[in-house]
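**Student:** Let me give you the structure first, and then I'll get to my questions.
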Amino acid sequence: MKNAPDRLQWAMNTCLARIGIDHADHRARAITIGERLGVLKDYPAPPGCTSPYAPTWIGEMVRRQAG
């Protein structure tokens with residue numbers, strides 16, 4: 001995933017994040033995979049926006065759903 005073209009990275013990262021957000025039983029594994037790959041970890045996110053880095057994105061969306 002890390003060496004894939006940008007557009008494919010976005011698609012695979014989005015899929016990984018959605019799995020982690022929508023499937024609690026797979027959440028820990030999705031976060032671990034995201035941390036290991038580090039895709040979009042350094043992507044600049046504007047203030048008030050959630051980073052597209054999967055572990056951050058998953059955590060924030062789950063927090064919002066719980067709140």
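We name chains A, B, ... following the order of the structure tokens; residues begin at 1 in each chain, and ligands are numbered from 1 as shown.
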Near A:Val39, counting only C-alpha atoms, which residues have an atom at most 8 Å away, once you skip same-chain residues fewer than 6 positions from it, shown as a list in words?

**Tutor:** Met1, Lys2, Gln9, Asn13, Tyr53 and Ala54 of chain A

**Student:** What's the 10 Å shell around A:Thr50, counting only C-alpha atoms, without same-chain residues fewer than 6 positions away, as a ChimeraX atom specification?

**Tutor:** /A:44,56-61

**Student:** Would you return as a ChimeraX atom specification the members of chain A that DSSP assigns to alpha helix (DSSP H) on this structure's backbone?

**Tutor:** /A:6-22,24-37,54-66

**Student:** Go through A:Leu40, A:Ala28, A:Gly67, A:Cys49 and flag the residue nearest A:Arg7, using only C-alpha atoms for the distances.

**Tutor:**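 Checking each of A:Leu40, A:Ala28, A:Gly67, A:Cys49 against A:Arg7, counting only C-alpha atoms, the winner is A:Leu40.
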
**Student:** Would you mind telling me which residue in A:Pro46, A:Ala66, A:Ser51, A:Ala4 lies nearest to A:Ala17 when using only C-alpha atoms?

**Tutor:**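 When distances to A:Ala17 are compared using only C-alpha atoms, the smallest one comes from A:Ser51.
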
**Student:** Considering only C-alpha atoms, can you say which of A:Ala45, A:Trp10, A:Pro55, A:Pro5 comes closest to A:Ile31?

**Tutor:**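 Ranked by minimum distance to A:Ile31, first place goes to A:Pro55.
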
**Student:** Hey, which of A:Cys15, A:Ala30, A:Leu8, A:Ile21 ends up closest to A:Arg63? Count only C-alpha atoms.

**Tutor:** A:Ile21
